[in-house]
file model-v3.pdb (PDB, C-alpha atoms and all ligand atoms)
ATOM      1  CA  MET A   1       0.000   0.000   0.000  1.00  0.00           C
ATOM      2  CA  THR A   2       1.443   3.329  -1.054  1.00  0.00           C
ATOM      3  CA  SER A   3       0.928   6.170   1.393  1.00  0.00           C
ATOM      4  CA  ARG A   4      -1.278   9.181   0.825  1.00  0.00           C
ATOM      5  CA  GLU A   5       1.818  11.268   1.545  1.00  0.00           C
ATOM      6  CA  TYR A   6       3.489   9.757  -1.514  1.00  0.00           C
ATOM      7  CA  LYS A   7       0.362  10.360  -3.587  1.00  0.00           C
ATOM      8  CA  LYS A   8       0.435  14.046  -2.654  1.00  0.00           C
ATOM      9  CA  LEU A   9       3.876  14.581  -4.198  1.00  0.00           C
ATOM     10  CA  ASP A  10       4.218  16.038  -7.667  1.00  0.00           C
ATOM     11  CA  GLY A  11       6.526  17.979  -9.946  1.00  0.00           C
ATOM     12  CA  ALA A  12      10.191  17.593 -10.718  1.00  0.00           C
ATOM     13  CA  GLU A  13      11.151  16.300  -7.263  1.00  0.00           C
ATOM     14  CA  LYS A  14       8.631  13.469  -7.513  1.00  0.00           C
ATOM     15  CA  ASP A  15      10.109  12.525 -10.894  1.00  0.00           C
ATOM     16  CA  ILE A  16      13.550  12.366  -9.299  1.00  0.00           C
ATOM     17  CA  LEU A  17      12.196  10.243  -6.454  1.00  0.00           C
ATOM     18  CA  ASP A  18      10.367   7.845  -8.784  1.00  0.00           C
ATOM     19  CA  HIS A  19      13.535   7.295 -10.752  1.00  0.00           C
ATOM     20  CA  TYR A  20      15.259   6.008  -7.594  1.00  0.00           C
ATOM     21  CA  LEU A  21      12.299   3.902  -6.449  1.00  0.00           C
ATOM     22  CA  ALA A  22      12.614   1.672  -9.504  1.00  0.00           C
ATOM     23  CA  GLU A  23      15.614  -0.268  -8.225  1.00  0.00           C
ATOM     24  CA  TYR A  24      16.702  -1.797  -4.914  1.00  0.00           C
ATOM     25  CA  PRO A  25      18.435  -1.158  -2.617  1.00  0.00           C
ATOM     26  CA  VAL A  26      17.228   2.411  -3.138  1.00  0.00           C
ATOM     27  CA  LYS A  27      20.281   4.631  -3.596  1.00  0.00           C
ATOM     28  CA  LEU A  28      19.465   7.165  -0.909  1.00  0.00           C
ATOM     29  CA  GLY A  29      22.773   9.022  -1.146  1.00  0.00           C
ATOM     30  CA  GLN A  30      22.362   9.685  -4.846  1.00  0.00           C
ATOM     31  CA  LEU A  31      18.695  10.560  -4.426  1.00  0.00           C
ATOM     32  CA  ALA A  32      19.570  13.164  -1.780  1.00  0.00           C
ATOM     33  CA  LYS A  33      22.365  14.533  -3.918  1.00  0.00           C
ATOM     34  CA  GLU A  34      20.087  14.953  -6.898  1.00  0.00           C
ATOM     35  CA  LEU A  35      17.580  16.785  -4.686  1.00  0.00           C
ATOM     36  CA  GLY A  36      20.384  19.076  -3.506  1.00  0.00           C
ATOM     37  CA  VAL A  37      20.314  17.704   0.053  1.00  0.00           C
ATOM     38  CA  SER A  38      23.638  16.894   1.752  1.00  0.00           C
ATOM     39  CA  ILE A  39      23.996  13.918   4.056  1.00  0.00           C
ATOM     40  CA  LYS A  40      26.488  13.951   6.879  1.00  0.00           C
ATOM     41  CA  VAL A  41      27.110  10.888   9.012  1.00  0.00           C
ATOM     42  CA  SER A  42      27.902  12.604  12.300  1.00  0.00           C
ATOM     43  CA  SER A  43      28.571  12.020  15.964  1.00  0.00           C
ATOM     44  CA  MET A  44      25.241  12.865  17.550  1.00  0.00           C
ATOM     45  CA  ASN A  45      24.061  12.595  21.113  1.00  0.00           C
ATOM     46  CA  THR A  46      22.818   9.187  22.207  1.00  0.00           C
ATOM     47  CA  GLY A  47      19.102   9.084  21.681  1.00  0.00           C
ATOM     48  CA  VAL A  48      19.198  11.289  18.590  1.00  0.00           C
ATOM     49  CA  SER A  49      18.787   9.474  15.272  1.00  0.00           C
ATOM     50  CA  GLY A  50      18.803  12.282  12.769  1.00  0.00           C
ATOM     51  CA  GLN A  51      18.198  15.869  11.869  1.00  0.00           C
ATOM     52  CA  ILE A  52      17.373  17.958   8.840  1.00  0.00           C
ATOM     53  CA  MET A  53      18.053  21.655   8.763  1.00  0.00           C
ATOM     54  CA  ARG A  54      18.648  24.497   6.406  1.00  0.00           C
ATOM     55  CA  GLU A  55      22.273  25.527   6.078  1.00  0.00           C
ATOM     56  CA  GLY A  56      22.987  28.435   3.804  1.00  0.00           C
ATOM     57  CA  GLY A  57      20.663  27.981   0.864  1.00  0.00           C
ATOM     58  CA  ASN A  58      20.572  24.197   1.113  1.00  0.00           C
ATOM     59  CA  TYR A  59      19.317  21.408   3.326  1.00  0.00           C
ATOM     60  CA  THR A  60      21.548  19.098   5.319  1.00  0.00           C
ATOM     61  CA  ILE A  61      20.641  15.771   6.871  1.00  0.00           C
ATOM     62  CA  ARG A  62      22.701  14.511   9.764  1.00  0.00           C
ATOM     63  CA  VAL A  63      22.482  10.886  10.748  1.00  0.00           C
ATOM     64  CA  ASN A  64      23.935   9.363  13.904  1.00  0.00           C
ATOM     65  CA  ARG A  65      27.097   7.449  13.058  1.00  0.00           C
ATOM     66  CA  HIS A  66      26.670   5.244  16.133  1.00  0.00           C
ATOM     67  CA  GLU A  67      23.503   3.595  14.855  1.00  0.00           C
ATOM     68  CA  ALA A  68      23.327   0.517  12.616  1.00  0.00           C
ATOM     69  CA  ARG A  69      23.523   1.019   8.876  1.00  0.00           C
ATOM     70  CA  GLU A  70      19.963  -0.227   8.219  1.00  0.00           C
ATOM     71  CA  ARG A  71      18.748   2.154  10.886  1.00  0.00           C
ATOM     72  CA  GLN A  72      20.701   5.029   9.323  1.00  0.00           C
ATOM     73  CA  ARG A  73      19.045   4.285   6.000  1.00  0.00           C
ATOM     74  CA  PHE A  74      15.579   4.511   7.498  1.00  0.00           C
ATOM     75  CA  THR A  75      16.567   7.735   9.259  1.00  0.00           C
ATOM     76  CA  ILE A  76      17.810   9.261   5.988  1.00  0.00           C
ATOM     77  CA  ALA A  77      14.519   8.274   4.336  1.00  0.00           C
ATOM     78  CA  HIS A  78      12.604   9.792   7.268  1.00  0.00           C
ATOM     79  CA  GLU A  79      14.516  13.073   7.003  1.00  0.00           C
ATOM     80  CA  LEU A  80      14.055  13.105   3.218  1.00  0.00           C
ATOM     81  CA  ALA A  81      10.336  12.653   3.856  1.00  0.00           C
ATOM     82  CA  HIS A  82      10.422  15.760   6.053  1.00  0.00           C
ATOM     83  CA  TYR A  83      12.165  17.505   3.178  1.00  0.00           C
ATOM     84  CA  PHE A  84       9.394  16.540   0.756  1.00  0.00           C
ATOM     85  CA  LEU A  85       6.497  17.191   3.114  1.00  0.00           C
ATOM     86  CA  HIS A  86       7.474  19.639   5.841  1.00  0.00           C
ATOM     87  CA  ARG A  87       9.849  22.194   4.433  1.00  0.00           C
ATOM     88  CA  SER A  88       8.117  25.094   6.151  1.00  0.00           C
ATOM     89  CA  VAL A  89       8.447  23.312   9.511  1.00  0.00           C
ATOM     90  CA  ILE A  90      12.168  22.774   8.888  1.00  0.00           C
ATOM     91  CA  ASP A  91      12.577  26.413   7.915  1.00  0.00           C
ATOM     92  CA  SER A  92      10.767  27.681  10.987  1.00  0.00           C
ATOM     93  CA  SER A  93      13.591  26.699  13.357  1.00  0.00           C
ATOM     94  CA  PRO A  94      17.355  27.259  13.091  1.00  0.00           C
ATOM     95  CA  ASP A  95      17.808  23.623  14.194  1.00  0.00           C
ATOM     96  CA  GLY A  96      15.275  22.359  11.674  1.00  0.00           C
ATOM     97  CA  ILE A  97      13.724  19.066  12.763  1.00  0.00           C
ATOM     98  CA  ARG A  98      15.714  16.793  15.068  1.00  0.00           C
ATOM     99  CA  ASP A  99      14.427  13.265  15.627  1.00  0.00           C
ATOM    100  CA  ASN A 100      15.033  11.051  18.597  1.00  0.00           C
ATOM    101  CA  VAL A 101      15.222   7.260  18.337  1.00  0.00           C
ATOM    102  CA  LEU A 102      11.421   7.004  18.272  1.00  0.00           C
ATOM    103  CA  TYR A 103      11.292   9.558  15.470  1.00  0.00           C
ATOM    104  CA  ARG A 104       9.752  12.114  17.760  1.00  0.00           C
ATOM    105  CA  SER A 105      10.932  15.659  17.314  1.00  0.00           C
ATOM    106  CA  GLY A 106       8.728  17.833  19.447  1.00  0.00           C
ATOM    107  CA  GLU A 107       6.682  18.620  16.341  1.00  0.00           C
ATOM    108  CA  PRO A 108       3.077  17.397  16.270  1.00  0.00           C
ATOM    109  CA  GLU A 109       2.858  13.586  16.068  1.00  0.00           C
ATOM    110  CA  ARG A 110       1.008  13.866  12.767  1.00  0.00           C
ATOM    111  CA  ILE A 111       4.180  15.225  11.178  1.00  0.00           C
ATOM    112  CA  GLU A 112       6.173  12.229  12.372  1.00  0.00           C
ATOM    113  CA  PHE A 113       3.551   9.705  11.230  1.00  0.00           C
ATOM    114  CA  GLU A 114       3.535  11.324   7.791  1.00  0.00           C
ATOM    115  CA  ALA A 115       7.326  11.204   7.614  1.00  0.00           C
ATOM    116  CA  ASN A 116       7.404   7.546   8.703  1.00  0.00           C
ATOM    117  CA  ARG A 117       4.839   6.520   6.093  1.00  0.00           C
ATOM    118  CA  LEU A 118       6.664   8.290   3.277  1.00  0.00           C
ATOM    119  CA  ALA A 119      10.021   6.983   4.567  1.00  0.00           C
ATOM    120  CA  ALA A 120       8.697   3.421   4.223  1.00  0.00           C
ATOM    121  CA  ASP A 121       7.683   4.192   0.628  1.00  0.00           C
ATOM    122  CA  ILE A 122      11.149   5.557  -0.071  1.00  0.00           C
ATOM    123  CA  VAL A 123      13.239   2.782   1.413  1.00  0.00           C
ATOM    124  CA  MET A 124      10.831  -0.104   0.652  1.00  0.00           C
ATOM    125  CA  PRO A 125       8.864   0.939  -2.461  1.00  0.00           C
ATOM    126  CA  MET A 126       5.755  -1.237  -2.408  1.00  0.00           C
ATOM    127  CA  PRO A 127       5.564  -2.031  -6.146  1.00  0.00           C
ATOM    128  CA  LEU A 128       9.140  -3.311  -6.000  1.00  0.00           C
ATOM    129  CA  VAL A 129       8.684  -5.244  -2.742  1.00  0.00           C
ATOM    130  CA  GLU A 130       5.550  -6.802  -4.180  1.00  0.00           C
ATOM    131  CA  LYS A 131       7.295  -7.735  -7.412  1.00  0.00           C
ATOM    132  CA  VAL A 132      10.172  -9.503  -5.650  1.00  0.00           C
ATOM    133  CA  LEU A 133       7.768 -11.173  -3.245  1.00  0.00           C
ATOM    134  CA  GLN A 134       5.646 -12.544  -6.111  1.00  0.00           C
ATOM    135  CA  GLU A 135       8.387 -13.449  -8.539  1.00  0.00           C
ATOM    136  CA  GLU A 136      10.864 -14.993  -6.157  1.00  0.00           C
ATOM    137  CA  PHE A 137       8.812 -16.195  -3.213  1.00  0.00           C
ATOM    138  CA  GLY A 138       5.462 -16.928  -4.852  1.00  0.00           C
ATOM    139  CA  GLY A 139       3.845 -14.278  -2.660  1.00  0.00           C
ATOM    140  CA  VAL A 140       4.397 -16.370   0.462  1.00  0.00           C
ATOM    141  CA  VAL A 141       5.648 -14.485   3.505  1.00  0.00           C
ATOM    142  CA  THR A 142       7.791 -16.552   5.833  1.00  0.00           C
ATOM    143  CA  GLU A 143      10.550 -15.684   8.288  1.00  0.00           C
ATOM    144  CA  ALA A 144      13.075 -16.473   5.537  1.00  0.00           C
ATOM    145  CA  THR A 145      11.244 -14.255   3.028  1.00  0.00           C
ATOM    146  CA  ILE A 146      11.305 -11.348   5.455  1.00  0.00           C
ATOM    147  CA  GLU A 147      15.008 -11.865   6.080  1.00  0.00           C
ATOM    148  CA  SER A 148      15.830 -12.031   2.389  1.00  0.00           C
ATOM    149  CA  LEU A 149      13.752  -8.975   1.500  1.00  0.00           C
ATOM    150  CA  ALA A 150      15.250  -7.003   4.396  1.00  0.00           C
ATOM    151  CA  ALA A 151      18.752  -7.835   3.137  1.00  0.00           C
ATOM    152  CA  ARG A 152      17.917  -6.854  -0.441  1.00  0.00           C
ATOM    153  CA  PHE A 153      16.406  -3.518   0.526  1.00  0.00           C
ATOM    154  CA  GLN A 154      19.002  -2.962   3.299  1.00  0.00           C
ATOM    155  CA  VAL A 155      16.449  -2.345   6.007  1.00  0.00           C
ATOM    156  CA  SER A 156      15.966  -3.993   9.379  1.00  0.00           C
ATOM    157  CA  LYS A 157      13.933  -7.185   9.577  1.00  0.00           C
ATOM    158  CA  ALA A 158      11.513  -5.358  11.868  1.00  0.00           C
ATOM    159  CA  ALA A 159      10.927  -2.636   9.267  1.00  0.00           C
ATOM    160  CA  MET A 160      10.325  -5.189   6.493  1.00  0.00           C
ATOM    161  CA  GLU A 161       7.984  -7.171   8.705  1.00  0.00           C
ATOM    162  CA  ILE A 162       5.866  -4.064   9.322  1.00  0.00           C
ATOM    163  CA  ARG A 163       5.955  -3.318   5.606  1.00  0.00           C
ATOM    164  CA  LEU A 164       4.698  -6.763   4.695  1.00  0.00           C
ATOM    165  CA  SER A 165       1.947  -6.621   7.269  1.00  0.00           C
ATOM    166  CA  THR A 166       0.560  -3.477   5.600  1.00  0.00           C
ATOM    167  CA  PHE A 167       0.858  -5.350   2.280  1.00  0.00           C
ATOM    168  CA  ALA A 168      -1.402  -8.068   3.643  1.00  0.00           C
ATOM    169  CA  GLU A 169      -4.034  -5.439   4.481  1.00  0.00           C
ATOM    170  CA  ALA A 170      -3.879  -3.766   1.066  1.00  0.00           C
TER     171      ALA A 170
HETATM  172 ZN    ZN B 201      10.870  13.254  12.132  1.00  0.00          ZN
END

call {"tool": "encode", "arguments": {"input": "model-v3.pdb", "output": "structure tokens", "more": "lines below"}}
Ligand SMILES: [Zn+2]
result
Amino acid sequence: MTSREYKKLDGAEKDILDHYLAEYPVKLGQLAKELGVSIKVSSMNTGVSGQIMREGGNYTIRVNRHEARERQRFTIAHELAHYFLHRSVIDSSPDGIRDNVLYRSGEPERIEFEANRLAADIVMPMPLVEKVLQEEFGGVVTEATIESLAARFQVSKAAMEIRLSTFAEA
């Protein structure tokens, strides 16, 4: 199931995004670069996963270097989702949006739910997940399927499990 946040996107930036959603693992670094967003893997306080802020004329995402790579990828997708959806919120504070490990930022929860839904679409594009699931696993979700899909998309098993549970509802 593709999120309503994704469906709201349009214009040149959506075209750029769609280009990257056609192939896994989604190349988040290149996607960000093409959007003009820098990514810095940084030492951040424990409990902070990521941040997106305006620096000069551009946007910068910082991701906590102490977290696991799969986790960093979801965080980058989450911050990119803020970039797509919540630019005015980012711009309204010199620190932008800073997310803790639960992806809470002090902004209204709605903002975080929106960012999480779009982040899932970015890092685990449903049409692609569905295609691999059908073509290689006959549409059958098992523990091994989840593990294999998580490895292919470079996300945590927990994230892929949640993704596939929304697939079952779709
Ligand atoms: Zn957030």

call {"tool": "residues_near_ligand", "arguments": {"input": "model-v3.pdb", "ligand": "ligand ZN 201 (chain B)", "cutoff": "7 Å", "atoms": "only C-alpha atoms and all ligand atoms", "output": "ChimeraX atom specification"}}
result
/A:78-79,82,97-99,103-105,112,115

call {"tool": "residues_around", "arguments": {"input": "model-v3.pdb", "residues": "A:Glu55", "least_positions_apart": "4", "cutoff": "9 Å", "atoms": "all atoms listed in the file", "output": "PyMOL selection string"}}
result
chain A and resi 59-60+94

call {"tool": "closest_residue", "arguments": {"input": "model-v3.pdb", "among": "A:Val101, A:Ile162, A:Ala77, A:Ile122", "to": "A:Ala22", "atoms": "only C-alpha atoms"}}
result
A:Ile122

call {"tool": "resolve_selection", "arguments": {"input": "model-v3.pdb", "expression": "the PyMOL selection byres (((chain A and resi 85-92) around 9) and not hetatm)", "output": "ChimeraX atom specification"}}
result
/A:5,8-9,52-54,80-84,93-97,107,111,114-115,118

call {"tool": "resolve_selection", "arguments": {"input": "model-v3.pdb", "expression": "the PyMOL selection byres (((chain A and resi 123) around 10) and not hetatm)", "output": "ChimeraX atom specification"}}
result
/A:20-21,24-28,73-78,118-122,124-126,153-155,159-160

call {"tool": "write_last_selection", "arguments": {"input": "model-v3.pdb", "atoms": "C-alpha atoms", "output": "CSV table (one decimal), in the frame of the given file"}}
result
chain,number,residue,atom,x,y,z
A,20,TYR,CA,15.3,6.0,-7.6
A,21,LEU,CA,12.3,3.9,-6.4
A,24,TYR,CA,16.7,-1.8,-4.9
A,25,PRO,CA,18.4,-1.2,-2.6
A,26,VAL,CA,17.2,2.4,-3.1
A,27,LYS,CA,20.3,4.6,-3.6
A,28,LEU,CA,19.5,7.2,-0.9
A,73,ARG,CA,19.0,4.3,6.0
A,74,PHE,CA,15.6,4.5,7.5
A,75,THR,CA,16.6,7.7,9.3
A,76,ILE,CA,17.8,9.3,6.0
A,77,ALA,CA,14.5,8.3,4.3
A,78,HIS,CA,12.6,9.8,7.3
A,118,LEU,CA,6.7,8.3,3.3
A,119,ALA,CA,10.0,7.0,4.6
A,120,ALA,CA,8.7,3.4,4.2
A,121,ASP,CA,7.7,4.2,0.6
A,122,ILE,CA,11.1,5.6,-0.1
A,124,MET,CA,10.8,-0.1,0.7
A,125,PRO,CA,8.9,0.9,-2.5
A,126,MET,CA,5.8,-1.2,-2.4
A,153,PHE,CA,16.4,-3.5,0.5
A,154,GLN,CA,19.0,-3.0,3.3
A,155,VAL,CA,16.4,-2.3,6.0
A,159,ALA,CA,10.9,-2.6,9.3
A,160,MET,CA,10.3,-5.2,6.5

call {"tool": "closest_residue", "arguments": {"input": "model-v3.pdb", "among": "A:Val63, A:Ile16, A:Ala68, A:Leu164", "to": "A:Ile146", "atoms": "all atoms listed in the file"}}
result
A:Leu164

call {"tool": "axis_aligned_box", "arguments": {"input": "model-v3.pdb", "around": "stretch 4-8 of chain A", "padding_each_side": "4 Å", "output": "JSON"}}
result
{"center_x": 1.1, "center_y": 11.6, "center_z": -1.0, "size_x": 12.8, "size_y": 12.9, "size_z": 13.1}

call {"tool": "atom_distance", "arguments": {"input": "model-v3.pdb", "atom1": "atom CA of A:Asn58", "atom2": "atom CA of A:Gly11"}}
result
18.9 Å

call {"tool": "atom_distance", "arguments": {"input": "model-v3.pdb", "atom1": "atom CA of A:Lys40", "atom2": "atom CA of A:Ile61"}}
result
6.1 Å

call {"tool": "atom_distance", "arguments": {"input": "model-v3.pdb", "atom1": "atom CA of A:Gly47", "atom2": "atom CA of A:Leu102"}}
result
8.7 Å

call {"tool": "closest_residue", "arguments": {"input": "model-v3.pdb", "among": "A:Arg71, A:Asn116, A:Arg163, A:Gly139", "to": "A:Tyr6", "atoms": "all atoms listed in the file"}}
result
A:Asn116

call {"tool": "residues_around", "arguments": {"input": "model-v3.pdb", "residues": "A:Lys157", "least_positions_apart": "6", "cutoff": "9 Å", "atoms": "all atoms listed in the file", "output": "mmCIF file with C-alpha atoms, in the frame of the given file"}}
result
data_model
loop_
_atom_site.group_PDB
_atom_site.id
_atom_site.type_symbol
_atom_site.label_atom_id
_atom_site.label_comp_id
_atom_site.auth_asym_id
_atom_site.auth_seq_id
_atom_site.Cartn_x
_atom_site.Cartn_y
_atom_site.Cartn_z
ATOM 1 C CA ILE A 146 11.305 -11.348 5.455
ATOM 2 C CA GLU A 147 15.008 -11.865 6.080
ATOM 3 C CA SER A 148 15.830 -12.031 2.389
ATOM 4 C CA LEU A 149 13.752 -8.975 1.500
ATOM 5 C CA ALA A 150 15.250 -7.003 4.396
ATOM 6 C CA ALA A 151 18.752 -7.835 3.137
#

call {"tool": "closest_residue", "arguments": {"input": "model-v3.pdb", "among": "A:Ser49, A:Gln30, A:Thr145, A:Ser3", "to": "A:Val129", "atoms": "all atoms listed in the file"}}
result
A:Thr145

call {"tool": "decode", "arguments": {"input": "model-v3.pdb", "residues": "stretch 75-86 of chain A", "atoms": "all heavy atoms", "output": "PDB file, in the first residue's frame"}}
result
ATOM      1  N   THR A  75      16.523   6.344   8.778  1.00  0.00           N
ATOM      2  CA  THR A  75      16.567   7.735   9.259  1.00  0.00           C
ATOM      3  C   THR A  75      16.734   8.710   8.094  1.00  0.00           C
ATOM      4  O   THR A  75      16.047   9.733   8.032  1.00  0.00           O
ATOM      5  CB  THR A  75      17.716   7.911  10.277  1.00  0.00           C
ATOM      6  OG1 THR A  75      17.488   7.041  11.389  1.00  0.00           O
ATOM      7  CG2 THR A  75      17.807   9.349  10.770  1.00  0.00           C
ATOM      8  N   ILE A  76      17.633   8.380   7.160  1.00  0.00           N
ATOM      9  CA  ILE A  76      17.810   9.261   5.988  1.00  0.00           C
ATOM     10  C   ILE A  76      16.493   9.378   5.218  1.00  0.00           C
ATOM     11  O   ILE A  76      16.084  10.473   4.830  1.00  0.00           O
ATOM     12  CB  ILE A  76      18.945   8.727   5.080  1.00  0.00           C
ATOM     13  CG1 ILE A  76      20.294   8.894   5.782  1.00  0.00           C
ATOM     14  CG2 ILE A  76      18.953   9.447   3.730  1.00  0.00           C
ATOM     15  CD1 ILE A  76      21.448   8.133   5.122  1.00  0.00           C
ATOM     16  N   ALA A  77      15.813   8.242   5.040  1.00  0.00           N
ATOM     17  CA  ALA A  77      14.519   8.274   4.336  1.00  0.00           C
ATOM     18  C   ALA A  77      13.503   9.122   5.104  1.00  0.00           C
ATOM     19  O   ALA A  77      12.722   9.874   4.514  1.00  0.00           O
ATOM     20  CB  ALA A  77      13.997   6.845   4.139  1.00  0.00           C
ATOM     21  N   HIS A  78      13.522   9.004   6.427  1.00  0.00           N
ATOM     22  CA  HIS A  78      12.604   9.792   7.268  1.00  0.00           C
ATOM     23  C   HIS A  78      12.894  11.290   7.124  1.00  0.00           C
ATOM     24  O   HIS A  78      11.968  12.090   6.970  1.00  0.00           O
ATOM     25  CB  HIS A  78      12.749   9.326   8.724  1.00  0.00           C
ATOM     26  CG  HIS A  78      11.918  10.080   9.716  1.00  0.00           C
ATOM     27  ND1 HIS A  78      10.706   9.606  10.184  1.00  0.00           N
ATOM     28  CD2 HIS A  78      12.115  11.280  10.322  1.00  0.00           C
ATOM     29  CE1 HIS A  78      10.200  10.499  11.045  1.00  0.00           C
ATOM     30  NE2 HIS A  78      11.036  11.515  11.149  1.00  0.00           N
ATOM     31  N   GLU A  79      14.162  11.650   7.135  1.00  0.00           N
ATOM     32  CA  GLU A  79      14.516  13.073   7.003  1.00  0.00           C
ATOM     33  C   GLU A  79      14.206  13.569   5.583  1.00  0.00           C
ATOM     34  O   GLU A  79      13.762  14.705   5.401  1.00  0.00           O
ATOM     35  CB  GLU A  79      15.992  13.313   7.348  1.00  0.00           C
ATOM     36  CG  GLU A  79      16.431  12.866   8.756  1.00  0.00           C
ATOM     37  CD  GLU A  79      15.598  13.438   9.893  1.00  0.00           C
ATOM     38  OE1 GLU A  79      14.969  14.497   9.722  1.00  0.00           O
ATOM     39  OE2 GLU A  79      15.561  12.807  10.971  1.00  0.00           O
ATOM     40  N   LEU A  80      14.435  12.719   4.585  1.00  0.00           N
ATOM     41  CA  LEU A  80      14.055  13.105   3.218  1.00  0.00           C
ATOM     42  C   LEU A  80      12.545  13.306   3.119  1.00  0.00           C
ATOM     43  O   LEU A  80      12.071  14.196   2.410  1.00  0.00           O
ATOM     44  CB  LEU A  80      14.512  12.047   2.202  1.00  0.00           C
ATOM     45  CG  LEU A  80      15.998  12.046   1.843  1.00  0.00           C
ATOM     46  CD1 LEU A  80      16.320  10.837   0.947  1.00  0.00           C
ATOM     47  CD2 LEU A  80      16.407  13.351   1.132  1.00  0.00           C
ATOM     48  N   ALA A  81      11.798  12.484   3.849  1.00  0.00           N
ATOM     49  CA  ALA A  81      10.336  12.653   3.856  1.00  0.00           C
ATOM     50  C   ALA A  81       9.964  14.011   4.459  1.00  0.00           C
ATOM     51  O   ALA A  81       9.090  14.709   3.940  1.00  0.00           O
ATOM     52  CB  ALA A  81       9.680  11.515   4.639  1.00  0.00           C
ATOM     53  N   HIS A  82      10.654  14.404   5.517  1.00  0.00           N
ATOM     54  CA  HIS A  82      10.422  15.760   6.053  1.00  0.00           C
ATOM     55  C   HIS A  82      10.733  16.808   4.980  1.00  0.00           C
ATOM     56  O   HIS A  82      10.031  17.798   4.853  1.00  0.00           O
ATOM     57  CB  HIS A  82      11.316  16.028   7.270  1.00  0.00           C
ATOM     58  CG  HIS A  82      10.811  15.437   8.554  1.00  0.00           C
ATOM     59  ND1 HIS A  82       9.501  15.506   8.966  1.00  0.00           N
ATOM     60  CD2 HIS A  82      11.476  14.792   9.564  1.00  0.00           C
ATOM     61  CE1 HIS A  82       9.374  14.921  10.150  1.00  0.00           C
ATOM     62  NE2 HIS A  82      10.557  14.471  10.536  1.00  0.00           N
ATOM     63  N   TYR A  83      11.791  16.563   4.241  1.00  0.00           N
ATOM     64  CA  TYR A  83      12.165  17.505   3.178  1.00  0.00           C
ATOM     65  C   TYR A  83      11.037  17.626   2.147  1.00  0.00           C
ATOM     66  O   TYR A  83      10.662  18.724   1.749  1.00  0.00           O
ATOM     67  CB  TYR A  83      13.463  17.045   2.506  1.00  0.00           C
ATOM     68  CG  TYR A  83      13.826  17.824   1.270  1.00  0.00           C
ATOM     69  CD1 TYR A  83      14.440  19.073   1.350  1.00  0.00           C
ATOM     70  CD2 TYR A  83      13.524  17.322   0.002  1.00  0.00           C
ATOM     71  CE1 TYR A  83      14.746  19.796   0.213  1.00  0.00           C
ATOM     72  CE2 TYR A  83      13.829  18.037  -1.143  1.00  0.00           C
ATOM     73  CZ  TYR A  83      14.435  19.278  -1.035  1.00  0.00           C
ATOM     74  OH  TYR A  83      14.730  19.991  -2.168  1.00  0.00           O
ATOM     75  N   PHE A  84      10.477  16.507   1.744  1.00  0.00           N
ATOM     76  CA  PHE A  84       9.394  16.540   0.756  1.00  0.00           C
ATOM     77  C   PHE A  84       8.125  17.179   1.320  1.00  0.00           C
ATOM     78  O   PHE A  84       7.427  17.909   0.625  1.00  0.00           O
ATOM     79  CB  PHE A  84       9.040  15.110   0.299  1.00  0.00           C
ATOM     80  CG  PHE A  84       9.972  14.551  -0.743  1.00  0.00           C
ATOM     81  CD1 PHE A  84      10.821  13.487  -0.444  1.00  0.00           C
ATOM     82  CD2 PHE A  84       9.989  15.061  -2.030  1.00  0.00           C
ATOM     83  CE1 PHE A  84      11.665  12.953  -1.404  1.00  0.00           C
ATOM     84  CE2 PHE A  84      10.831  14.536  -3.005  1.00  0.00           C
ATOM     85  CZ  PHE A  84      11.673  13.481  -2.689  1.00  0.00           C
ATOM     86  N   LEU A  85       7.832  16.876   2.580  1.00  0.00           N
ATOM     87  CA  LEU A  85       6.497  17.191   3.114  1.00  0.00           C
ATOM     88  C   LEU A  85       6.454  18.413   4.026  1.00  0.00           C
ATOM     89  O   LEU A  85       5.407  19.045   4.151  1.00  0.00           O
ATOM     90  CB  LEU A  85       5.970  15.993   3.924  1.00  0.00           C
ATOM     91  CG  LEU A  85       5.818  14.662   3.192  1.00  0.00           C
ATOM     92  CD1 LEU A  85       5.526  13.547   4.198  1.00  0.00           C
ATOM     93  CD2 LEU A  85       4.696  14.738   2.151  1.00  0.00           C
ATOM     94  N   HIS A  86       7.546  18.693   4.716  1.00  0.00           N
ATOM     95  CA  HIS A  86       7.474  19.639   5.841  1.00  0.00           C
ATOM     96  C   HIS A  86       8.532  20.731   5.766  1.00  0.00           C
ATOM     97  O   HIS A  86       9.105  21.104   6.781  1.00  0.00           O
ATOM     98  CB  HIS A  86       7.628  18.868   7.178  1.00  0.00           C
ATOM     99  CG  HIS A  86       6.694  17.704   7.305  1.00  0.00           C
ATOM    100  ND1 HIS A  86       7.121  16.436   7.624  1.00  0.00           N
ATOM    101  CD2 HIS A  86       5.351  17.629   7.134  1.00  0.00           C
ATOM    102  CE1 HIS A  86       6.067  15.618   7.645  1.00  0.00           C
ATOM    103  NE2 HIS A  86       4.986  16.305   7.354  1.00  0.00           N
TER     104      HIS A  86
END
